[in-house]
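Notes follow the structure.
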Amino acid sequence: MSAPTAVTSTHRPSSAVRRPASALARNRSRTGMVLTAPAFALVALLLGIPIMQAVYYSLTNWDGLTATWVGPSTYASELRNPIFWRVLENNGLLLLAVPVAIFVPLGIAAVLHTRVFGWRFFRSVYFLPTAVSWVVIGMVSARFFAQDGILNHLFAAVGLGAIRTDFLSGERTALLAVGVTFVWSMIGTNTIIFLTGLATIDPALHEAARCDGAGSLQVFWHITFPQLKRFVQFAFVMTVISAFTALFSLIFVMTGGGPGYGTTTLEFFVYQTAFAKGEFGTGALLGVFLFVIMTAVGLAQLKLFRSDD
Amino acid sequence: MTHTVPVRVQTPQATSRARRPLPWRRLTLFAGMIVVGVVMLYPFWFMIDTSFKTQAQYQSGHGHSLHSWSVLSTALPIGRQLFNSMLVCVASIAIIVAVSATAGFAFAKLRYRGATPVFLTILAAMLIPMQSIIIPAYVNIARLNLLDTYVGAVLVYAALGTPFATFLMTAYFRGLPDELVEAAIVDGLGYGQVFLRIAVPLAVPAIVTVTVLQFIQIWDDLLIGLLFLQNPDDRTITVGLGALSAGRVTDIPVLMAGSLLSALPAVVVYLVFQRHLISGLTAGIGK
């Protein structure tokens with residue numbers, strides 16, 4: 001790259017940079033394009049083209065080698081597939097875990113924010129699962145919920161031995177086990193998000209409310225919570241995205257999607273359909289469905305954030 | 001909100017701590033945090049405790065042994081797989097950092113005509129779930145004869161990590177004053193030199209954040225490795241464990257020993273770079 005030798009130094013720097021047609025500006029543009037090209041190429045070739053391929057192949061009958069064109073009727077026939085609706089139902093039920101994964105960390109963050117003794121240590125401990133893979137978490141969780149697992153021992157210890165059951169062998173209880181594990185894993189991340197949010201709030205506001213005689217719960221609901229709105233929305237969207245797209249490993253290890261289709265979510269169904277049944281076209285179609293749902297969530301997030309500004 | 005001022009009798013010591021809850025309340029909250037701590041740490045204790053048992057001891061609940069640690073390497077090629085994990089992580093992260101730092105610098109400081117659509121395209125790719133592209137990506141990589149090679153897996157990891165990394169780097173470089181670049185240009189440096197000599201050294205915190213986030217992401221991933229590295233000797237440790245647990249291996253202590261070993265590097269990275277991880281996770285919230 002050749003270094004420009006003369007620059008009109010009388011201009012303010014910003015106007016010098018903005019001035020078109022000069023050799024410097026051309027050099028800047030060219031460098032800019034060259035520097036963004038690798039990132040763009042990587043994303044376009046390995047994400048952009050495959051997502052377009054997924055849309056195309058979703059309209060075909062495809063076994064991974066040869067694709068025969070079918071057309072939009074592939075979508076119509078998938079919508080008539082009862083298993084597809086069962087899978088979506090599982091996704092819907094898992095979404096019920098999202099409020100829990102928001103409000104429990106919100107409470108924890110509120111307590112940590114009062115600088116309770118050892119709060120730094122607690123923060124590190126709660127955040128730790130963020131570093132651990134879903135594979136490892138799922139392996140421990142599967143033992144936890146098993147017939148001879150710790151949970152059943154706990155039930156027996158408090159006189160609830162009658163509840164004793166192999167959670168992973170019932171369709172609904174297995175989904176519950178996946179949901180509980182999911183909430184457990186999200187606690188750390190969401191607590192950290194809310195702690196970051198709490199740190200941005202001016203403590204003077206709290207003092208004012210306190211002087212006005214508000215109790216600490218009142219202060220939290222009327223003063224703190226509204227100011228945390230942006231952070232709650234962010235955590236909410238992130239948790240929803242995780243519920244749809246981050247649980248593959250957990251399900252793979254804990255239940256393999258079963259029993260039956262009891263814990264098969266859309267993302268897991270994509271994998272099963274393509275790589276266990278060899279129906280690549282239908283798998284691609286399910287992937288497109290997932291993409292559409294995630295795009296809707298992403299756009300909703302953008303809208304939420306914009307309405308705030 | 002009511003505006004009645006409560007009459008408070010304040011002892012001298014209490015005035016400075018007037019905002020603080022009463023001692024018994026602080027104690028209750030502390031106890032609550034301990035309970036949450038136990039819930040969060042229990043799985044780690046379970047892994048450690050179980051790994052020092054034989055399967056029989058695990059089932060009976062009594063006794064300890066080093067057996068599972070000594071047979072671990074026969075259950076899965078653990079050393080090899082740890083090496084694979086490291087290799088895949090380092091290569092993928094090197095690509096991600098290289099392309100996102102250059103692109104972030106250009107988007108923030110070298111705004112050219114058409115930069116915005118390119119930037120938005122890359123950001124939009126954040127919305128693409130891995131599962132939506134995995135089938136075409138798998139077939140493409142297979143056609144290129146890159147299945148069961150590190151290259152294939154690394155490329156897919158790198159592509160998946162690039163959008164968010166580019167977003168982070170761009171945001172970081174936008175925070176640096178334009179004058180920094182312009183002054184260096186006036187001094188006769190080229191844009192490439194400005195990037196290497198001025199921008200990159202200043203961006204070290206952002207680069208560390210990207211590295212830590214991606215390390216944990218890639219180290220912990222199952223799906224990509226499961227599909228793109230099917231040969232047991234090529235697998236990463238997380239994939240090796242995932243495959244082992246799905247293969248109905250009933251020796252739980254061995255699985256737990258492997259789990260501990262696989263979790264260790266990511267936990268160490270977490271403990272050392274916690275601050276960077278937090279700043280990366282909360283970067284999406286904006287100002």
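Following the order of the structure tokens, chains are lettered A, B, ..., residues in each are numbered from 1, and ligands are numbered from 1.
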Considering only C-alpha atoms, return as an mmCIF file with N, CA and C atoms, in the first residue's frame whatever protein or nucleic-acid residues lie within 6 Å of region 145-156 of chain B, sequence-local ones (same chain, fewer than 2 positions apart) excluded.
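Output below, filename selection-v2.cif:
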data_model
loop_
_atom_site.group_PDB
_atom_site.id
_atom_site.type_symbol
_atom_site.label_atom_id
_atom_site.label_comp_id
_atom_site.auth_asym_id
_atom_site.auth_seq_id
_atom_site.Cartn_x
_atom_site.Cartn_y
_atom_site.Cartn_z
ATOM 1 N N VAL B 88 -8.782 -27.229 16.490
ATOM 2 C CA VAL B 88 -9.954 -26.672 15.816
ATOM 3 C C VAL B 88 -10.264 -25.279 16.371
ATOM 4 N N SER B 92 -9.967 -21.920 14.046
ATOM 5 C CA SER B 92 -11.214 -21.186 13.790
ATOM 6 C C SER B 92 -11.130 -19.772 14.333
ATOM 7 N N ILE B 141 -19.673 -29.317 1.820
ATOM 8 C CA ILE B 141 -18.356 -29.710 2.338
ATOM 9 C C ILE B 141 -18.012 -31.121 1.843
ATOM 10 N N ALA B 142 -19.015 -31.983 1.776
ATOM 11 C CA ALA B 142 -18.784 -33.341 1.281
ATOM 12 C C ALA B 142 -18.369 -33.304 -0.191
ATOM 13 N N ARG B 143 -19.035 -32.453 -0.984
ATOM 14 C CA ARG B 143 -18.688 -32.352 -2.408
ATOM 15 C C ARG B 143 -17.273 -31.844 -2.605
ATOM 16 N N ALA B 158 -15.741 -20.992 11.701
ATOM 17 C CA ALA B 158 -15.297 -19.618 11.447
ATOM 18 C C ALA B 158 -16.439 -18.786 10.880
ATOM 19 N N ALA B 159 -17.178 -19.364 9.925
ATOM 20 C CA ALA B 159 -18.283 -18.619 9.317
ATOM 21 C C ALA B 159 -19.366 -18.323 10.354
ATOM 22 N N PHE B 228 -19.196 -33.148 10.883
ATOM 23 C CA PHE B 228 -18.080 -32.871 9.988
ATOM 24 C C PHE B 228 -16.808 -33.626 10.357
ATOM 25 N N LEU B 229 -16.761 -34.176 11.585
ATOM 26 C CA LEU B 229 -15.587 -34.956 11.997
ATOM 27 C C LEU B 229 -16.083 -36.288 12.561
ATOM 28 N N GLN B 230 -16.365 -37.242 11.675
ATOM 29 C CA GLN B 230 -17.007 -38.470 12.147
ATOM 30 C C GLN B 230 -16.032 -39.565 12.575
#
### Task
Give the residues of chain A that lie within 7 Å of chain B; count only C-alpha atoms, and format the answer as number ranges by chain.
A: 1-5, 7, 13, 28-29, 31-32, 35-36, 38-40, 42-43, 46-47, 50-51, 53-54, 64, 111, 116-117, 122, 125-126, 131-133, 135-136, 140, 193, 211-213, 231, 234, 245, 249, 253, 267, 270, 280, 284, 287-288, 290-291, 294-295, 298
Dump C-alpha atoms for the selected residues as an mmCIF file, in the first residue's frame?
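selection28.cif written:
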data_model
loop_
_atom_site.group_PDB
_atom_site.id
_atom_site.type_symbol
_atom_site.label_atom_id
_atom_site.label_comp_id
_atom_site.auth_asym_id
_atom_site.auth_seq_id
_atom_site.Cartn_x
_atom_site.Cartn_y
_atom_site.Cartn_z
ATOM 1 C CA MET A 1 0.000 0.000 0.000
ATOM 2 C CA SER A 2 1.479 3.352 -1.001
ATOM 3 C CA ALA A 3 1.490 6.035 1.651
ATOM 4 C CA PRO A 4 0.036 9.348 0.457
ATOM 5 C CA THR A 5 2.600 12.108 0.727
ATOM 6 C CA VAL A 7 -2.514 16.046 2.579
ATOM 7 C CA PRO A 13 -9.740 16.080 9.668
ATOM 8 C CA ARG A 28 -9.384 4.692 1.672
ATOM 9 C CA SER A 29 -12.355 3.231 -0.202
ATOM 10 C CA THR A 31 -8.631 -0.408 1.430
ATOM 11 C CA GLY A 32 -12.053 -0.515 3.067
ATOM 12 C CA LEU A 35 -10.498 -5.334 4.380
ATOM 13 C CA THR A 36 -14.193 -6.219 4.471
ATOM 14 C CA PRO A 38 -12.744 -11.763 3.629
ATOM 15 C CA ALA A 39 -15.485 -11.488 6.283
ATOM 16 C CA PHE A 40 -18.100 -10.953 3.624
ATOM 17 C CA LEU A 42 -16.790 -16.229 4.488
ATOM 18 C CA VAL A 43 -20.316 -15.305 5.538
ATOM 19 C CA LEU A 46 -20.712 -20.597 4.134
ATOM 20 C CA LEU A 47 -23.917 -19.077 5.500
ATOM 21 C CA PRO A 50 -26.364 -22.538 2.204
ATOM 22 C CA ILE A 51 -29.470 -20.728 3.487
ATOM 23 C CA GLN A 53 -29.781 -23.729 -0.947
ATOM 24 C CA ALA A 54 -31.892 -24.724 2.038
ATOM 25 C CA GLY A 64 -28.296 -35.554 -0.342
ATOM 26 C CA VAL A 111 -30.068 -9.658 45.896
ATOM 27 C CA VAL A 116 -24.802 -9.214 50.051
ATOM 28 C CA PHE A 117 -21.768 -10.755 51.769
ATOM 29 C CA PHE A 122 -21.657 -15.942 44.186
ATOM 30 C CA VAL A 125 -20.297 -19.432 40.860
ATOM 31 C CA TYR A 126 -23.664 -18.744 39.238
ATOM 32 C CA ALA A 131 -18.466 -22.115 30.345
ATOM 33 C CA VAL A 132 -19.571 -25.747 30.450
ATOM 34 C CA SER A 133 -20.863 -27.515 27.364
ATOM 35 C CA VAL A 135 -23.023 -32.175 26.519
ATOM 36 C CA VAL A 136 -21.527 -32.254 30.008
ATOM 37 C CA VAL A 140 -25.084 -34.953 34.683
ATOM 38 C CA ILE A 193 -27.176 -9.321 32.186
ATOM 39 C CA CYS A 211 -37.105 8.662 51.693
ATOM 40 C CA ASP A 212 -40.645 8.757 50.340
ATOM 41 C CA GLY A 213 -41.317 5.669 52.407
ATOM 42 C CA PHE A 231 -32.064 -5.548 29.789
ATOM 43 C CA PHE A 234 -32.520 -8.466 25.763
ATOM 44 C CA THR A 245 -31.511 -23.156 18.756
ATOM 45 C CA SER A 249 -26.620 -31.097 22.445
ATOM 46 C CA VAL A 253 -27.289 -36.433 25.339
ATOM 47 C CA GLU A 267 -33.787 -27.996 15.779
ATOM 48 C CA VAL A 270 -33.944 -31.071 11.533
ATOM 49 C CA PHE A 280 -32.475 -34.110 3.348
ATOM 50 C CA ALA A 284 -33.890 -28.420 4.831
ATOM 51 C CA GLY A 287 -34.424 -25.660 8.872
ATOM 52 C CA VAL A 288 -36.130 -22.945 6.812
ATOM 53 C CA LEU A 290 -36.575 -22.506 12.142
ATOM 54 C CA PHE A 291 -34.883 -19.674 10.263
ATOM 55 C CA MET A 294 -35.706 -16.848 14.442
ATOM 56 C CA THR A 295 -35.915 -13.991 11.955
ATOM 57 C CA GLY A 298 -34.859 -11.016 15.710
#
### Task
Name the residues of region 110-213 of chain B that fall into alpha helix (DSSP H) according to DSSP on the backbone, using the chain letters and numbers of this document, as JSON, numbers by chain.
{"B": [115, 116, 117, 118, 119, 120, 121, 122, 123, 124, 130, 131, 132, 133, 134, 135, 136, 137, 138, 139, 140, 141, 142, 143, 150, 151, 152, 153, 154, 155, 156, 157, 158, 159, 160, 161, 162, 163, 164, 165, 166, 167, 168, 169, 170, 171, 172, 173, 174, 178, 179, 180, 181, 182, 183, 184, 185, 186, 191, 192, 193, 194, 200, 201, 202, 204, 205, 206, 207, 208, 209, 210, 211, 212, 213]}
### Query
Quick one, how far is CA of Thr263 (chain A) from CA of Ser242 (chain A)?
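So the answer is 15.4 Å.
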### DSSP-assigned strand (DSSP E or B) members of region 1-181 of chain A, reported as a ChimeraX atom specification
/A:60-62,67-69
### Query
Of the residues B:Val194, B:Ile78, B:Leu66, B:Val200, which is the one nearest to Leu261 (chain B), using only C-alpha atoms?
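The shortest atom-to-atom distance to Leu261 (chain B) comes from B:Ile78.
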